[in-house]
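This report concerns only the one structure given below.
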Amino acid sequence: MSPFTGSAARTSEWQHLRVETADGVATVTIARPEKLNALTFGAYADLRDLLAELSRERSVRALVLAGEGRGFCSGGDVDEIIGATLSMDTAQLLDFNRMTGQTVRAIRECPFPVIAAVHGVAAGAGAVLALAADFRVADPTARFAFLFTRVGLSGGDMGAAYLLPRVVGLGHATRLLMLGDSVRAPEAERIGLISELTDEGRADEAAQQLARRLAEGPALAYAQTKALLTAELDMPMAAAVELDASTQALLMNGEDYAEFHAAFTEKRPPKWQGR
């Protein structure tokens with residue numbers, strides 16, 4: 001995402017999310033615990049727009065996405081979204097579905113790592129938001145369920161049919177998206193859906209620790225690694241290695257690369273600048 005801005009000022013308050021920033025780490029919490037953090041139209045749009053703003057600012061080096069209360073996110077609100085969509089025409093439905101996809105793209109395309117801190121349920125759209133993150137840190141209470149076929153819709157919602165086979169393989173993805181069955185933490189870790197399994201109640205803490213580690217590291221190198229991981233999913237090998245070569249040539253002109261050499265020579269830790 002480009003750092004260049006137009007006339008609009010930065011949004012200081014977000015109605016549908018709780019946003020906290022400290023030391024290069026943004027913590028974004030879906031805060032509807034009474035509804036298991038079910039998403040509304042506004043929550044989708046706020047997350048999409050927040051990620052775009054943080055990407056332009058370049059002050060955030062890592063982001064933790066969390067849910068308040070008993071679970072991570074139970075998906076789209078049955079009354080406020082599913083009920084409302086029944087009265088929408090095709091054009092309105094297309095606008096809504098494009099917006100949900102834009103939210104997932106914002107997670108994948110922002111220039112900083114995103115860590116989903118998962119406890120309890122991550123269902124439907126909540127499971128896809130976690131899937132789109134770069135890391136999924138979960139405790140033993142976590143369970144993932146891609147429920148779209150359970151409500152009569154395609155399992156390939158919000159990019160799930162693109163992302164999930166690339167994380168867990170086609171066989172597991174077919175089972176999860178077709179049947180909509182819940183996957184509990186031990187199996188999710190076994191098939192690669194969880195990046196780190198913590199002790200119960202420790203997912204948020206572990207996600208913060210990982211975020212701080214990333215925030216203290218070479219931000220530009222992380223941003224380019226994330227961009228290449230996404231871009232090269234569909235590239236032939238020749239194009240991928242050429243893109244790798246171009247990226248490395250650019251980074252070798254960067255300050256962080258020179259700083260590593262200086263730090264190594266002086267036998268001290270590098271002071272990463274993200275440039």
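Convention: chains lettered A, B, ... in structure tokens order; per-chain residue numbering from 1; ligands numbered from 1 as shown.
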Residues at most 8 Å from Thr100 of chain A, counting only C-alpha atoms, excluding those fewer than 2 positions away in the same chain, as a PyMOL selection string? chain A and resi 44-45+96-98+102-104+158
Keeping only N, CA and C atoms, write the selected residues to a file as an mmCIF file, in the first residue's frame.
data_model
loop_
_atom_site.group_PDB
_atom_site.id
_atom_site.type_symbol
_atom_site.label_atom_id
_atom_site.label_comp_id
_atom_site.auth_asym_id
_atom_site.auth_seq_id
_atom_site.Cartn_x
_atom_site.Cartn_y
_atom_site.Cartn_z
ATOM 1 N N TYR A 44 -16.375 -4.732 9.384
ATOM 2 C CA TYR A 44 -15.600 -5.064 8.180
ATOM 3 C C TYR A 44 -14.947 -3.809 7.600
ATOM 4 N N ALA A 45 -15.763 -2.760 7.409
ATOM 5 C CA ALA A 45 -15.276 -1.550 6.760
ATOM 6 C C ALA A 45 -14.216 -0.859 7.611
ATOM 7 N N PHE A 96 -21.333 -5.734 -0.896
ATOM 8 C CA PHE A 96 -21.007 -6.286 0.422
ATOM 9 C C PHE A 96 -19.922 -7.343 0.320
ATOM 10 N N ASN A 97 -20.084 -8.276 -0.604
ATOM 11 C CA ASN A 97 -19.106 -9.356 -0.717
ATOM 12 C C ASN A 97 -17.749 -8.848 -1.182
ATOM 13 N N ARG A 98 -17.742 -7.829 -2.005
ATOM 14 C CA ARG A 98 -16.468 -7.229 -2.393
ATOM 15 C C ARG A 98 -15.795 -6.577 -1.188
ATOM 16 N N GLN A 102 -12.157 -7.212 0.309
ATOM 17 C CA GLN A 102 -11.194 -6.122 0.455
ATOM 18 C C GLN A 102 -10.561 -6.119 1.840
ATOM 19 N N THR A 103 -11.323 -6.533 2.848
ATOM 20 C CA THR A 103 -10.781 -6.611 4.203
ATOM 21 C C THR A 103 -9.684 -7.666 4.277
ATOM 22 N N VAL A 104 -9.929 -8.819 3.662
ATOM 23 C CA VAL A 104 -8.912 -9.868 3.636
ATOM 24 C C VAL A 104 -7.691 -9.412 2.837
ATOM 25 N N MET A 158 -14.594 -14.889 0.822
ATOM 26 C CA MET A 158 -13.563 -13.961 1.299
ATOM 27 C C MET A 158 -12.152 -14.446 0.974
#
For Gly274 of chain A, list every protein, DNA or RNA residue within 12 Å, evaluated using only C-alpha atoms, and leave out those in the same chain fewer than 5 positions away; present the list as a PyMOL selection string.
chain A and resi 24+58-61+111-112+214-224+251+254-260
Please extract the residues of segment 50-245 of chain A with a backbone DSSP assignment of strand (DSSP E) and present them as a list of chain:residue names.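 The strand (DSSP E) subset of segment 50-245 of chain A is A:Ala62, A:Leu63, A:Val64, A:Leu65, A:Ala66, A:Gly67, A:Val114, A:Ile115, A:Ala116, A:Ala117, A:Val118, A:Val121, A:Ala122, A:Ala123, A:Phe135, A:Arg136, A:Val137, A:Ala138, A:Arg143, A:Phe144, A:Ala145, A:Val183, A:Arg184, A:Glu196, A:Leu197.
Considering the residues A:Ala8, A:Leu193, A:Leu164, A:Ala211 and counting only C-alpha atoms, Ile115 of chain A has its shortest atom-to-atom contact with A:Ala211.
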